[in-house]
$ cat run_5.cif   # mmCIF, C-alpha atoms and all ligand atoms
data_target
loop_
_atom_site.label_atom_id
_atom_site.label_comp_id
_atom_site.auth_asym_id
_atom_site.auth_seq_id
_atom_site.Cartn_x
_atom_site.Cartn_y
_atom_site.Cartn_z
CA MET A 1 -21.39 62.79 -163.74
CA SER A 2 -20.92 59.16 -162.87
CA LEU A 3 -18.69 57.72 -160.21
CA PHE A 4 -16.41 56.64 -163.04
CA SER A 5 -16.31 59.79 -165.19
CA ALA A 6 -12.76 60.60 -164.14
CA VAL A 7 -11.46 57.05 -164.57
CA GLU A 8 -8.62 57.03 -167.04
CA MET A 9 -8.04 54.39 -169.68
CA ALA A 10 -5.16 52.24 -168.43
CA PRO A 11 -2.41 51.38 -170.90
CA ARG A 12 -2.67 47.95 -172.47
CA ASP A 13 -0.65 45.24 -170.77
CA PRO A 14 2.62 45.33 -172.73
CA ILE A 15 2.64 41.60 -173.39
CA LEU A 16 -1.00 40.55 -173.34
CA GLY A 17 -1.80 43.67 -175.39
CA LEU A 18 0.38 42.23 -178.16
CA ASN A 19 -1.86 39.17 -178.26
CA GLU A 20 -4.86 41.35 -179.04
CA GLN A 21 -2.95 43.08 -181.82
CA PHE A 22 -1.78 39.71 -183.14
CA ALA A 23 -5.32 38.33 -183.19
CA ALA A 24 -6.47 41.32 -185.24
CA ASP A 25 -3.60 41.02 -187.76
CA SER A 26 -4.75 39.64 -191.14
CA ASN A 27 -1.22 38.74 -192.35
CA PRO A 28 -1.38 34.98 -193.12
CA ALA A 29 2.32 34.58 -192.29
CA LYS A 30 1.97 36.16 -188.84
CA VAL A 31 3.96 34.60 -185.98
CA ASN A 32 3.38 35.34 -182.30
CA LEU A 33 6.68 35.42 -180.42
CA GLY A 34 5.32 37.90 -177.91
CA VAL A 35 3.79 36.03 -175.03
CA GLY A 36 5.73 33.36 -173.11
CA VAL A 37 3.93 30.25 -174.24
CA TYR A 38 5.43 26.99 -175.53
CA PHE A 39 4.00 25.75 -178.81
CA ASP A 40 4.91 22.40 -180.32
CA GLU A 41 6.46 21.72 -183.72
CA ASN A 42 3.00 22.10 -185.32
CA GLY A 43 2.48 25.47 -183.69
CA LYS A 44 -0.06 23.97 -181.28
CA LEU A 45 -0.35 24.51 -177.56
CA PRO A 46 0.36 21.03 -176.22
CA LEU A 47 -1.96 19.13 -173.92
CA LEU A 48 0.54 16.85 -172.22
CA GLN A 49 -0.07 13.09 -172.23
CA CYS A 50 0.55 12.96 -168.48
CA VAL A 51 -2.16 15.58 -167.97
CA GLN A 52 -4.59 13.69 -170.20
CA ALA A 53 -3.91 10.45 -168.34
CA ALA A 54 -4.48 12.13 -164.97
CA GLU A 55 -7.67 13.76 -166.22
CA LYS A 56 -8.96 10.48 -167.63
CA ALA A 57 -8.42 8.77 -164.28
CA MET A 58 -10.24 11.63 -162.59
CA MET A 59 -13.14 11.39 -165.03
CA ASP A 60 -13.42 7.66 -164.45
CA LYS A 61 -14.02 8.40 -160.77
CA PRO A 62 -15.90 11.70 -160.76
CA ALA A 63 -15.55 13.59 -157.51
CA ALA A 64 -17.79 16.26 -156.00
CA ARG A 65 -16.36 19.79 -155.83
CA GLY A 66 -16.35 21.01 -152.26
CA TYR A 67 -14.18 23.91 -151.14
CA LEU A 68 -10.50 23.11 -150.91
CA PRO A 69 -8.64 23.98 -147.72
CA ILE A 70 -7.38 27.58 -147.79
CA ASP A 71 -3.82 26.42 -148.49
CA GLY A 72 -4.96 24.04 -151.22
CA ILE A 73 -4.62 20.30 -151.80
CA ALA A 74 -2.27 18.79 -149.21
CA ALA A 75 -0.79 16.30 -151.70
CA TYR A 76 -0.17 19.16 -154.11
CA ASP A 77 1.60 21.30 -151.52
CA ASN A 78 3.74 18.32 -150.53
CA ALA A 79 4.60 17.61 -154.16
CA VAL A 80 5.63 21.24 -154.62
CA LYS A 81 7.86 21.06 -151.56
CA GLY A 82 9.45 17.92 -152.95
CA LEU A 83 10.06 19.47 -156.33
CA VAL A 84 11.45 22.73 -154.97
CA PHE A 85 13.49 21.50 -151.99
CA GLY A 86 13.78 17.75 -152.59
CA ALA A 87 11.42 15.23 -150.96
CA ASP A 88 14.17 13.94 -148.69
CA SER A 89 15.75 17.30 -147.99
CA GLU A 90 16.24 18.54 -144.45
CA PRO A 91 13.82 21.50 -144.84
CA VAL A 92 10.99 19.21 -145.98
CA LYS A 93 11.73 16.49 -143.42
CA SER A 94 11.95 18.93 -140.54
CA GLY A 95 8.68 20.59 -141.61
CA ARG A 96 10.11 24.09 -141.86
CA VAL A 97 8.64 24.87 -145.29
CA ALA A 98 5.26 26.61 -145.41
CA THR A 99 3.60 26.05 -148.81
CA VAL A 100 0.28 27.26 -150.16
CA GLN A 101 -1.24 26.38 -153.52
CA ALA A 102 -1.62 29.61 -155.49
CA LEU A 103 -3.17 30.96 -158.67
CA GLY A 104 -0.18 30.42 -160.91
CA GLY A 105 3.26 31.80 -160.24
CA THR A 106 1.70 35.25 -160.24
CA GLY A 107 -0.57 34.22 -157.37
CA GLY A 108 2.41 32.86 -155.43
CA LEU A 109 4.27 36.13 -155.90
CA LYS A 110 1.27 38.18 -154.81
CA ILE A 111 0.52 36.14 -151.68
CA GLY A 112 4.20 36.48 -150.76
CA ALA A 113 4.21 40.21 -151.51
CA ASP A 114 1.09 40.81 -149.40
CA PHE A 115 2.55 38.84 -146.49
CA LEU A 116 5.90 40.66 -146.75
CA LYS A 117 4.14 44.03 -146.77
CA ARG A 118 2.57 43.22 -143.41
CA LEU A 119 5.82 41.78 -142.07
CA ASN A 120 8.11 44.59 -143.08
CA PRO A 121 6.11 47.54 -144.46
CA ALA A 122 9.14 49.80 -144.87
CA ALA A 123 11.15 47.32 -146.96
CA LYS A 124 12.02 48.13 -150.55
CA VAL A 125 11.89 45.62 -153.38
CA LEU A 126 14.62 45.17 -155.96
CA ILE A 127 13.94 43.44 -159.26
CA SER A 128 16.44 42.75 -162.03
CA ASP A 129 16.98 45.33 -164.75
CA PRO A 130 15.20 44.26 -166.89
CA SER A 131 12.70 41.82 -165.40
CA TRP A 132 9.39 40.19 -166.17
CA GLU A 133 7.12 43.20 -166.67
CA ASN A 134 4.68 42.12 -163.97
CA HIS A 135 7.26 42.01 -161.15
CA ARG A 136 7.34 45.76 -160.83
CA ALA A 137 3.59 46.18 -161.19
CA LEU A 138 2.77 43.40 -158.76
CA PHE A 139 5.08 44.54 -155.96
CA THR A 140 4.06 48.17 -156.51
CA GLN A 141 0.41 47.17 -156.28
CA ALA A 142 1.21 45.38 -153.00
CA GLY A 143 2.41 48.75 -151.67
CA PHE A 144 6.17 48.50 -152.14
CA GLU A 145 8.63 50.93 -153.58
CA VAL A 146 10.28 48.93 -156.37
CA GLY A 147 13.80 49.57 -157.62
CA THR A 148 16.16 47.54 -159.77
CA TYR A 149 19.49 45.81 -159.47
CA THR A 150 21.85 45.81 -162.44
CA TYR A 151 21.51 42.68 -164.54
CA TYR A 152 21.72 42.83 -168.31
CA ASP A 153 24.76 44.13 -170.13
CA ALA A 154 23.64 44.88 -173.69
CA ALA A 155 27.15 45.55 -175.01
CA LYS A 156 28.53 42.32 -173.63
CA ARG A 157 25.33 40.36 -174.32
CA GLY A 158 25.24 38.77 -170.93
CA VAL A 159 24.96 39.52 -167.26
CA ASP A 160 26.79 42.50 -165.76
CA PHE A 161 27.67 40.40 -162.77
CA ASP A 162 29.87 42.95 -161.01
CA GLY A 163 27.09 45.48 -161.40
CA MET A 164 24.57 43.01 -160.02
CA LEU A 165 26.69 42.35 -156.94
CA ALA A 166 27.34 46.06 -156.44
CA SER A 167 23.64 46.92 -156.50
CA LEU A 168 22.76 44.11 -154.12
CA LYS A 169 25.60 45.18 -151.81
CA ALA A 170 24.23 48.71 -151.75
CA ALA A 171 20.75 47.58 -150.67
CA ALA A 172 19.55 48.28 -147.13
CA PRO A 173 19.03 45.31 -144.76
CA GLY A 174 15.55 43.86 -145.18
CA THR A 175 15.39 44.74 -148.88
CA ILE A 176 13.47 42.11 -150.80
CA ALA A 177 15.57 40.83 -153.71
CA VAL A 178 13.45 39.20 -156.41
CA LEU A 179 15.70 36.68 -158.15
CA HIS A 180 14.94 34.55 -161.19
CA ALA A 181 15.81 31.00 -160.13
CA CYS A 182 16.43 29.93 -163.73
CA CYS A 183 15.67 30.90 -167.33
CA HIS A 184 15.77 34.65 -166.74
CA ASN A 185 12.80 36.44 -168.26
CA PRO A 186 13.23 38.45 -170.47
CA THR A 187 16.95 38.15 -171.25
CA GLY A 188 17.53 34.37 -171.29
CA TYR A 189 20.83 34.90 -169.45
CA ASP A 190 21.30 33.09 -166.13
CA ILE A 191 24.16 33.47 -163.71
CA THR A 192 26.46 30.48 -163.15
CA PRO A 193 26.39 28.27 -160.02
CA ALA A 194 29.63 29.92 -158.85
CA GLN A 195 28.06 33.34 -159.34
CA TRP A 196 25.02 32.25 -157.32
CA ASP A 197 27.39 31.49 -154.45
CA ARG A 198 28.61 35.07 -154.54
CA VAL A 199 25.06 36.45 -154.73
CA ILE A 200 24.13 34.33 -151.72
CA GLU A 201 27.13 35.69 -149.76
CA VAL A 202 26.01 39.24 -150.50
CA VAL A 203 22.37 38.51 -149.70
CA LYS A 204 23.41 36.93 -146.41
CA ALA A 205 25.90 39.62 -145.39
CA GLY A 206 23.45 42.39 -146.30
CA ARG A 207 20.52 40.63 -144.58
CA LEU A 208 18.39 40.90 -147.70
CA THR A 209 15.21 38.84 -148.08
CA PRO A 210 15.51 36.59 -151.13
CA PHE A 211 12.37 35.95 -153.15
CA LEU A 212 13.12 33.35 -155.80
CA ASP A 213 10.77 33.29 -158.74
CA MET A 214 10.81 29.81 -160.26
CA ALA A 215 8.47 29.98 -163.22
CA TYR A 216 10.52 27.74 -165.54
CA GLN A 217 11.83 24.81 -163.51
CA GLY A 218 12.74 22.13 -166.04
CA PHE A 219 12.88 24.46 -169.04
CA GLY A 220 16.57 25.29 -168.70
CA HIS A 221 18.90 22.37 -168.05
CA GLY A 222 16.61 19.91 -166.25
CA ILE A 223 14.30 19.76 -163.24
CA ALA A 224 17.06 19.04 -160.71
CA GLU A 225 19.61 21.29 -162.41
CA ASP A 226 17.24 24.25 -162.53
CA GLY A 227 16.19 23.66 -158.93
CA ALA A 228 19.78 23.35 -157.65
CA VAL A 229 19.94 27.02 -156.71
CA ILE A 230 17.40 26.36 -153.93
CA ALA A 231 19.75 23.94 -152.17
CA LYS A 232 22.44 26.64 -152.24
CA PHE A 233 20.19 29.08 -150.38
CA VAL A 234 19.28 26.34 -147.90
CA ALA A 235 22.94 25.46 -147.33
CA ALA A 236 23.68 29.12 -146.61
CA GLY A 237 21.25 28.97 -143.70
CA LEU A 238 18.93 31.60 -145.17
CA VAL A 239 15.18 31.85 -144.84
CA PHE A 240 13.50 32.81 -148.11
CA PHE A 241 10.50 32.78 -150.43
CA VAL A 242 10.00 30.70 -153.58
CA SER A 243 7.15 31.08 -156.03
CA THR A 244 6.45 28.14 -158.32
CA SER A 245 4.55 28.07 -161.59
CA PHE A 246 3.37 25.02 -163.50
CA SER A 247 1.90 27.09 -166.30
CA LYS A 248 4.74 26.30 -168.69
CA SER A 249 6.16 23.07 -167.30
CA PHE A 250 2.74 21.36 -167.43
CA SER A 251 1.35 23.48 -170.26
CA LEU A 252 -1.53 24.33 -167.92
CA TYR A 253 -1.53 28.10 -168.43
CA GLY A 254 -5.25 28.64 -167.98
CA GLU A 255 -5.64 26.39 -164.96
CA ARG A 256 -3.62 28.81 -162.80
CA VAL A 257 -1.47 26.30 -160.96
CA GLY A 258 1.35 27.62 -158.85
CA ALA A 259 2.49 27.90 -155.28
CA LEU A 260 4.30 29.94 -152.71
CA SER A 261 6.79 28.25 -150.39
CA VAL A 262 8.44 30.02 -147.48
CA LEU A 263 11.44 28.40 -145.86
CA CYS A 264 11.45 29.22 -142.14
CA ALA A 265 13.91 28.64 -139.31
CA ASP A 266 11.97 25.74 -137.80
CA LYS A 267 8.62 23.97 -137.87
CA ALA A 268 6.98 26.16 -135.25
CA GLU A 269 7.87 29.23 -137.30
CA ALA A 270 6.60 27.58 -140.49
CA ASP A 271 3.28 26.82 -138.79
CA ARG A 272 2.91 30.47 -137.78
CA VAL A 273 3.91 31.71 -141.24
CA LEU A 274 1.46 29.31 -142.88
CA SER A 275 -1.33 30.64 -140.67
CA GLN A 276 -0.58 34.16 -141.95
CA LEU A 277 -0.31 33.07 -145.60
CA LYS A 278 -3.75 31.53 -145.21
CA ILE A 279 -5.12 34.91 -144.17
CA MET A 280 -3.69 36.43 -147.38
CA VAL A 281 -5.42 33.71 -149.40
CA ARG A 282 -8.67 33.83 -147.43
CA THR A 283 -9.06 37.59 -147.79
CA ASN A 284 -8.24 37.58 -151.51
CA TYR A 285 -10.07 34.59 -152.99
CA SER A 286 -10.80 32.32 -150.05
CA ASN A 287 -9.30 29.13 -151.44
CA PRO A 288 -7.79 27.91 -154.71
CA PRO A 289 -9.56 26.05 -157.52
CA ILE A 290 -9.41 22.26 -157.61
CA HIS A 291 -8.80 21.03 -161.12
CA GLY A 292 -5.29 22.15 -162.08
CA GLY A 293 -3.87 21.42 -158.65
CA ALA A 294 -5.46 17.98 -158.62
CA VAL A 295 -3.99 17.16 -162.05
CA VAL A 296 -0.48 18.27 -161.08
CA ALA A 297 -0.67 16.44 -157.75
CA ALA A 298 -1.85 13.27 -159.50
CA VAL A 299 1.02 13.43 -161.98
CA LEU A 300 3.73 14.27 -159.46
CA THR A 301 2.68 11.56 -156.99
CA ASN A 302 2.25 8.72 -159.50
CA PRO A 303 5.66 7.29 -160.52
CA GLU A 304 4.55 6.39 -164.05
CA LEU A 305 2.87 9.71 -164.75
CA ARG A 306 5.75 11.56 -163.21
CA ALA A 307 8.21 9.78 -165.49
CA LEU A 308 5.97 10.64 -168.44
CA TRP A 309 5.89 14.30 -167.36
CA GLU A 310 9.67 14.41 -167.07
CA LYS A 311 9.95 12.92 -170.54
CA GLU A 312 7.48 15.39 -172.05
CA LEU A 313 9.08 18.34 -170.28
CA GLY A 314 12.45 17.12 -171.54
CA GLU A 315 11.11 17.09 -175.09
CA MET A 316 9.94 20.67 -174.77
CA ARG A 317 13.35 21.69 -173.42
CA VAL A 318 15.21 19.92 -176.22
CA ARG A 319 12.93 21.37 -178.91
CA ILE A 320 13.50 24.91 -177.63
CA LYS A 321 17.27 24.35 -177.78
CA ALA A 322 16.98 23.01 -181.31
CA MET A 323 14.98 26.10 -182.35
CA ARG A 324 17.68 28.34 -180.90
CA GLN A 325 20.27 26.62 -183.08
CA GLN A 326 18.01 26.77 -186.15
CA LEU A 327 17.43 30.45 -185.51
CA VAL A 328 21.18 31.12 -185.43
CA ASP A 329 21.72 29.07 -188.60
CA GLY A 330 18.65 30.52 -190.33
CA LEU A 331 19.67 34.12 -189.64
CA LYS A 332 23.10 33.45 -191.08
CA ALA A 333 21.57 31.82 -194.17
CA ALA A 334 19.22 34.80 -194.52
CA GLY A 335 22.24 37.06 -194.79
CA VAL A 336 22.63 38.45 -191.28
CA LYS A 337 26.30 39.33 -191.02
CA GLN A 338 26.61 39.88 -187.30
CA ASP A 339 27.29 36.89 -185.07
CA MET A 340 23.95 35.76 -183.62
CA GLY A 341 25.56 32.88 -181.70
CA PHE A 342 24.53 34.52 -178.42
CA ILE A 343 21.05 33.08 -179.00
CA THR A 344 22.32 29.62 -178.08
CA ASP A 345 24.05 30.98 -174.95
CA GLN A 346 20.63 32.00 -173.70
CA ILE A 347 18.40 29.56 -171.88
CA GLY A 348 14.69 29.01 -171.34
CA MET A 349 11.82 30.33 -173.36
CA PHE A 350 13.12 33.71 -174.36
CA SER A 351 15.75 35.39 -176.40
CA TYR A 352 16.70 38.97 -175.91
CA SER A 353 17.48 39.59 -179.55
CA GLY A 354 19.19 42.95 -179.17
CA LEU A 355 16.77 44.43 -181.74
CA THR A 356 15.61 47.98 -181.12
CA LYS A 357 12.06 49.10 -180.53
CA ASP A 358 11.91 50.48 -184.10
CA GLN A 359 13.06 47.15 -185.50
CA MET A 360 10.49 45.29 -183.40
CA VAL A 361 7.73 47.60 -184.60
CA ARG A 362 8.79 47.03 -188.21
CA LEU A 363 8.85 43.26 -187.65
CA ARG A 364 5.26 43.50 -186.45
CA ASN A 365 3.87 45.96 -188.97
CA GLU A 366 5.65 44.81 -192.10
CA PHE A 367 6.15 41.09 -191.46
CA GLY A 368 3.58 40.06 -188.84
CA VAL A 369 6.37 38.86 -186.51
CA TYR A 370 5.38 39.79 -182.97
CA GLY A 371 7.90 40.22 -180.15
CA THR A 372 7.97 42.76 -177.34
CA ASP A 373 9.28 46.29 -177.92
CA THR A 374 12.28 45.41 -175.73
CA GLY A 375 13.43 42.91 -178.37
CA ARG A 376 12.32 39.85 -176.46
CA MET A 377 11.19 36.90 -178.57
CA CYS A 378 9.72 33.64 -177.40
CA VAL A 379 11.87 30.99 -179.08
CA ALA A 380 9.47 28.34 -177.74
CA ALA A 381 6.94 29.52 -180.32
CA LEU A 382 9.25 28.89 -183.29
CA ASN A 383 8.83 25.79 -185.44
CA GLY A 384 10.05 24.34 -188.71
CA LYS A 385 7.26 26.08 -190.60
CA ASN A 386 7.53 29.61 -189.25
CA ILE A 387 11.26 29.91 -188.66
CA GLY A 388 12.10 30.69 -192.28
CA HIS A 389 9.73 33.66 -192.32
CA VAL A 390 11.03 34.85 -188.95
CA CYS A 391 14.66 34.67 -190.08
CA LYS A 392 13.99 36.49 -193.35
CA SER A 393 11.98 39.15 -191.53
CA ILE A 394 14.67 39.75 -188.93
CA ALA A 395 17.32 39.87 -191.65
CA ALA A 396 15.24 42.54 -193.43
CA VAL A 397 15.08 44.86 -190.41
CA ILE A 398 18.62 44.37 -189.07
N1 LIG A 401 7.41 34.86 -163.15
C1 LIG A 401 7.97 34.92 -164.36
C2 LIG A 401 9.41 35.28 -164.46
C3 LIG A 401 7.23 34.63 -165.49
O1 LIG A 401 7.80 34.70 -166.69
C4 LIG A 401 5.87 34.26 -165.35
C5 LIG A 401 5.00 33.91 -166.53
N2 LIG A 401 5.19 34.61 -167.68
C6 LIG A 401 5.33 34.23 -164.08
C7 LIG A 401 6.13 34.53 -163.00
C8 LIG A 401 3.88 33.93 -163.85
O2 LIG A 401 3.49 32.66 -164.11
P1 LIG A 401 1.96 32.26 -164.12
O3 LIG A 401 1.49 32.39 -165.51
O4 LIG A 401 1.97 30.86 -163.60
O5 LIG A 401 1.22 33.16 -163.20
#
$ encode --input "run_5.cif" --output "structure tokens" --more "lines below"
Ligand code: PMP
Amino acid sequence: MSLFSAVEMAPRDPILGLNEQFAADSNPAKVNLGVGVYFDENGKLPLLQCVQAAEKAMMDKPAARGYLPIDGIAAYDNAVKGLVFGADSEPVKSGRVATVQALGGTGGLKIGADFLKRLNPAAKVLISDPSWENHRALFTQAGFEVGTYTYYDAAKRGVDFDGMLASLKAAAPGTIAVLHACCHNPTGYDITPAQWDRVIEVVKAGRLTPFLDMAYQGFGHGIAEDGAVIAKFVAAGLVFFVSTSFSKSFSLYGERVGALSVLCADKAEADRVLSQLKIMVRTNYSNPPIHGGAVVAAVLTNPELRALWEKELGEMRVRIKAMRQQLVDGLKAAGVKQDMGFITDQIGMFSYSGLTKDQMVRLRNEFGVYGTDTGRMCVAALNGKNIGHVCKSIAAVI
């Protein structure tokens, strides 16, 4: 008998598990549309020019690697605040935003979840139905009971907005509402600015705690456009949480660059909140790593590099949109009779294709086309070379 004899084998991560299966697949035509990663037209993970330029400058002046402050690089945290709230916005100017550098967007969510658990242990968490798979697991692991609010309407292919409002209205005060700021994962359907106003009214009236997950700022309509929802929450006089991820927008997945920002009532409150967030960081991993944060800070604070980043991010956004259109056209050409035009209504990295689990399994086993069992496909991994095979394969299983 060992200490671990009774330890059960955990199920594979539903998304990262697909990667393992993909790697083991010997089909030469295989295409990985499972994980949320942007690949360029050549099917390569891009290393952005702005990142290379920042890294070159850093290499020209090598720096020693001491510990970072618990909340990370100050210039990085300030750049995040600027990006999320606007550098000249009232919340930033008045100092009422508490920001910590975090290990990706996931790290930002977890630091926020741990802090919220201490703040309001009895609160429940609501995530969208469906949501990014890790939302439920992460908030459950932090000790919360996690429920869902209505979101996707499969028949309508869009958001069941009345249902969404009704479930948020029914939530008890203090409930933490995890909201996708833009580019909803997995469905690709966002609510409109006017609908956000209604959500904000309900959140405010019901005294819910909004937790905005912003993992795709700049992937939808533009950096400012995607971030505009934040200003709406500010204007409503709410205090709230925002997690930021630069994994996709900087193509820095493995560097784990993200942040948590908490908008507080005033600066004194933000100082106290920051002191508590630092305890969450300190007791988990002490302080964040340097490299990714330093690269992002260098790019965001240098006007030339920042312009280059915005250009490169814009190119990724435009290419994804073009692939959506080619997917619609390609499916039609491959003989799919049903209208697949909904794919271009969706935004961001993903498309909820409406395919069933059986169809997704067939796509994988017979054609080497990997998406999640829920029918989610990463359109950001399509390119001119693989799209034909993907369209023919989908047409064969539909
Ligand atoms: N939130 C959502 C909605 C996501 O899709 C992702 C990444 N797939 C994250 C958070 C986490 O981002 P990161 O990889 O930076 O931890």
$ residues_around --input "run_5.cif" --residues "range 221-223 of chain A" --least-positions-apart "6" --cutoff "9 Å" --atoms "all atoms listed in the file" --output "ChimeraX atom specification"
/A:83,310,313-314,317,347-348
$ axis_aligned_box --input "run_5.cif" --around "ligand LIG 401 (chain A)" --padding-each-side "8 Å" --output "lines of an AutoDock Vina configuration file"
center_x = 5.3
center_y = 33.1
center_z = -165.3
size_x = 24.2
size_y = 20.4
size_z = 20.7
$ atom_distance --input "run_5.cif" --atom1 "CA of Leu252 in chain A" --atom2 "CA of Glu312 in chain A"
13.3 Å
$ residues_near_ligand --input "run_5.cif" --ligand "ligand LIG 401 (chain A)" --cutoff "8 Å" --atoms "all atoms listed in the file" --output "ChimeraX atom specification"
/A:35-37,103-109,131-132,134-135,180,184-186,213-216,243-248,253,256-258
$ residues_around --input "run_5.cif" --residues "Ala265 in chain A" --least-positions-apart "6" --cutoff "12 Å" --atoms "all atoms listed in the file" --output "ChimeraX atom specification"
/A:90-92,94-98,234,237-240,271-273
$ atom_distance --input "run_5.cif" --atom1 "CA of Val299 in chain A" --atom2 "CA of Ser261 in chain A"
19.7 Å
$ residues_around --input "run_5.cif" --residues "Leu48 in chain A" --least-positions-apart "6" --cutoff "8 Å" --atoms "only C-alpha atoms" --output "list in words"
Phe250, Ser251, Trp309 and Glu312 of chain A
$ closest_residue --input "run_5.cif" --among "A:Ile398, A:Ala334, A:Lys93, A:Ala63" --to "Asp266 in chain A" --atoms "all atoms listed in the file"
A:Lys93
$ closest_residue --input "run_5.cif" --among "A:Leu165, A:Ala24, A:Ala53, A:Val295" --to "Arg198 in chain A" --atoms "only C-alpha atoms"
A:Leu165
$ build_atoms --input "run_5.cif" --residues "range 254-270 of chain A" --atoms "N, CA and C atoms" --output "tab-separated table (two decimals), keeping the file's coordinate frame"
chain	number	residue	atom	x	y	z
A	254	GLY	N	-3.95	28.12	-168.39
A	254	GLY	CA	-5.25	28.64	-167.98
A	254	GLY	C	-5.80	28.02	-166.71
A	255	GLU	N	-5.14	26.99	-166.20
A	255	GLU	CA	-5.64	26.39	-164.96
A	255	GLU	C	-5.16	27.15	-163.73
A	256	ARG	N	-4.19	28.02	-163.90
A	256	ARG	CA	-3.62	28.81	-162.80
A	256	ARG	C	-3.11	27.92	-161.67
A	257	VAL	N	-2.07	27.17	-161.99
A	257	VAL	CA	-1.47	26.30	-160.96
A	257	VAL	C	-0.07	26.78	-160.61
A	258	GLY	N	0.07	27.17	-159.37
A	258	GLY	CA	1.35	27.62	-158.85
A	258	GLY	C	1.36	27.47	-157.36
A	259	ALA	N	2.38	28.03	-156.74
A	259	ALA	CA	2.49	27.90	-155.28
A	259	ALA	C	3.43	28.95	-154.73
A	260	LEU	N	3.30	29.17	-153.44
A	260	LEU	CA	4.30	29.94	-152.71
A	260	LEU	C	4.83	29.05	-151.60
A	261	SER	N	6.15	28.97	-151.50
A	261	SER	CA	6.79	28.25	-150.39
A	261	SER	C	7.66	29.24	-149.63
A	262	VAL	N	7.59	29.16	-148.31
A	262	VAL	CA	8.44	30.02	-147.48
A	262	VAL	C	9.26	29.11	-146.58
A	263	LEU	N	10.57	29.19	-146.73
A	263	LEU	CA	11.44	28.40	-145.86
A	263	LEU	C	11.66	29.20	-144.57
A	264	CYS	N	11.35	28.56	-143.45
A	264	CYS	CA	11.45	29.22	-142.14
A	264	CYS	C	12.56	28.57	-141.31
A	265	ALA	N	12.81	29.13	-140.14
A	265	ALA	CA	13.91	28.64	-139.31
A	265	ALA	C	13.60	27.26	-138.72
A	266	ASP	N	12.34	27.04	-138.35
A	266	ASP	CA	11.97	25.74	-137.80
A	266	ASP	C	10.47	25.50	-138.03
A	267	LYS	N	10.01	24.35	-137.59
A	267	LYS	CA	8.62	23.97	-137.87
A	267	LYS	C	7.62	24.90	-137.20
A	268	ALA	N	7.92	25.29	-135.97
A	268	ALA	CA	6.98	26.16	-135.25
A	268	ALA	C	6.80	27.48	-136.01
A	269	GLU	N	7.92	27.99	-136.52
A	269	GLU	CA	7.87	29.23	-137.30
A	269	GLU	C	7.07	29.01	-138.60
A	270	ALA	N	7.31	27.88	-139.24
A	270	ALA	CA	6.60	27.58	-140.49
A	270	ALA	C	5.09	27.48	-140.24
